[in-house]
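Asker: Sharing a structure, written as structure tokens. Questions coming.
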Amino acid sequence: MNLIYNSEHYSVVEFGAQAGMETMRFGGYEILDKPARRETFIAGQLAGVYRQHVRELITSGLSIEDIDEFLGGYGSLMGQPVVLH
């Protein structure tokens, strides 16, 4: 597990691929919307698509605001509330 992005509004943790687990074949990503206190975990083919989009973002040299806007596009998937223990 690696923290690959952290801003005032979002953080993204990457989980590596795991052999023998179809849903984790491409690894997975946990995306946390800090102000809304909600998150989502994407795995499988969606994780592969997400990884490709992130690579494209990196090569285009976008700002933090642009990256946060991209992550906001996953907002409809963020239904899990963040609960602190």
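Residue numbering restarts at 1 in every chain; chains get A, B, ... in the order shown in the structure tokens, and ligands count up from 1 in that same order.
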Residues of chain A classed as strand (DSSP E or B) by DSSP on the backbone are to be reported as a list in words.

Answerer: Asn2, Leu3, Ile4, Tyr5, Asn6, Tyr10, Ser11, Val12, Val13, Glu14, Phe15, Gly28, Tyr29, Glu30, Ile31, Leu32, Asp33, Arg38, Glu39, Thr40, Phe41, Ile42, Ala43, Gln80 and Pro81 of chain A

Asker: From chain A, collect each residue whose DSSP state is helix (DSSP H, G or I) and return the set as JSON, numbers by chain.

Answerer: {"A": [22, 23, 24, 44, 45, 46, 47, 48, 49, 50, 51, 52, 53, 54, 55, 56, 57, 58, 59, 60, 64, 65, 66, 67, 68, 69, 70, 71, 72, 75, 76, 77]}

Asker: Those residues you just picked out, can you put them in a file as a PDB file, in the first residue's frame with C-alpha atoms?

Answerer:
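To be explicit, this is the file written out as again-v5.pdb:
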ATOM      1  CA  GLU A  22      -9.343 -11.698  -9.735  1.00  0.00           C
ATOM      2  CA  THR A  23     -10.648  -8.410  -8.312  1.00  0.00           C
ATOM      3  CA  MET A  24      -7.097  -7.374  -7.392  1.00  0.00           C
ATOM      4  CA  GLY A  44     -10.471  -4.841 -11.207  1.00  0.00           C
ATOM      5  CA  GLN A  45     -10.813  -3.362 -14.677  1.00  0.00           C
ATOM      6  CA  LEU A  46     -11.857   0.030 -13.317  1.00  0.00           C
ATOM      7  CA  ALA A  47      -8.515   0.191 -11.492  1.00  0.00           C
ATOM      8  CA  GLY A  48      -6.751  -0.461 -14.799  1.00  0.00           C
ATOM      9  CA  VAL A  49      -8.678   2.362 -16.477  1.00  0.00           C
ATOM     10  CA  TYR A  50      -7.991   4.659 -13.515  1.00  0.00           C
ATOM     11  CA  ARG A  51      -4.252   3.882 -13.695  1.00  0.00           C
ATOM     12  CA  GLN A  52      -4.182   4.774 -17.411  1.00  0.00           C
ATOM     13  CA  HIS A  53      -5.947   8.095 -16.786  1.00  0.00           C
ATOM     14  CA  VAL A  54      -3.515   8.906 -13.977  1.00  0.00           C
ATOM     15  CA  ARG A  55      -0.543   8.202 -16.268  1.00  0.00           C
ATOM     16  CA  GLU A  56      -2.008  10.588 -18.832  1.00  0.00           C
ATOM     17  CA  LEU A  57      -2.467  13.254 -16.136  1.00  0.00           C
ATOM     18  CA  ILE A  58       1.141  12.883 -14.990  1.00  0.00           C
ATOM     19  CA  THR A  59       2.522  13.358 -18.490  1.00  0.00           C
ATOM     20  CA  SER A  60       0.335  16.414 -19.138  1.00  0.00           C
ATOM     21  CA  ILE A  64      -3.079  20.131  -8.090  1.00  0.00           C
ATOM     22  CA  GLU A  65      -6.406  21.820  -8.792  1.00  0.00           C
ATOM     23  CA  ASP A  66      -6.706  19.923 -12.090  1.00  0.00           C
ATOM     24  CA  ILE A  67      -5.905  16.624 -10.390  1.00  0.00           C
ATOM     25  CA  ASP A  68      -8.434  17.336  -7.624  1.00  0.00           C
ATOM     26  CA  GLU A  69     -11.037  18.060 -10.321  1.00  0.00           C
ATOM     27  CA  PHE A  70     -10.234  14.718 -11.969  1.00  0.00           C
ATOM     28  CA  LEU A  71     -10.628  12.917  -8.622  1.00  0.00           C
ATOM     29  CA  GLY A  72     -13.919  14.733  -8.066  1.00  0.00           C
ATOM     30  CA  GLY A  75     -17.530  11.436  -6.476  1.00  0.00           C
ATOM     31  CA  SER A  76     -20.548   9.381  -7.516  1.00  0.00           C
ATOM     32  CA  LEU A  77     -18.666   6.257  -6.420  1.00  0.00           C
TER      33      LEU A  77
END

Asker: At a cut-off of 7 Å, using only C-alpha atoms, what residues contact Gln80 (chain A)? Leave out same-chain residues fewer than 3 positions from it and give the result as number ranges by chain.

Answerer: A: 38-40

Asker: Near Asn2 (chain A), counting only C-alpha atoms, which residues have an atom at most 10 Å away, once you skip same-chain residues fewer than 5 positions from it, shown as a list of chain:residue names?

Answerer: A:Val12, A:Val13, A:Glu14, A:Phe15, A:Gly16, A:Tyr29

Asker: Figure out the distance between CA of Ile4 (chain A) and CA of Asp33 (chain A), please, to one decimal in Å.

Answerer: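 Result for CA of Asp33 (chain A) versus CA of Ile4 (chain A): 14.4 Å, one decimal.
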
Asker: Restricting the calculation to only C-alpha atoms: of A:Met1, A:Ala17, A:Val83, A:Met78, which residue gets closest to Ile31 (chain A)?

Answerer: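 Checking each candidate against Ile31 (chain A), we get A:Met78 as the closest.
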
Asker: Return the single residue from A:Leu3, A:Gly61, A:Ala36, A:Ala43 that is closest to Pro81 (chain A), with distances computed using only C-alpha atoms.

Answerer: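 Result for the nearest residue to Pro81 (chain A): A:Ala36.
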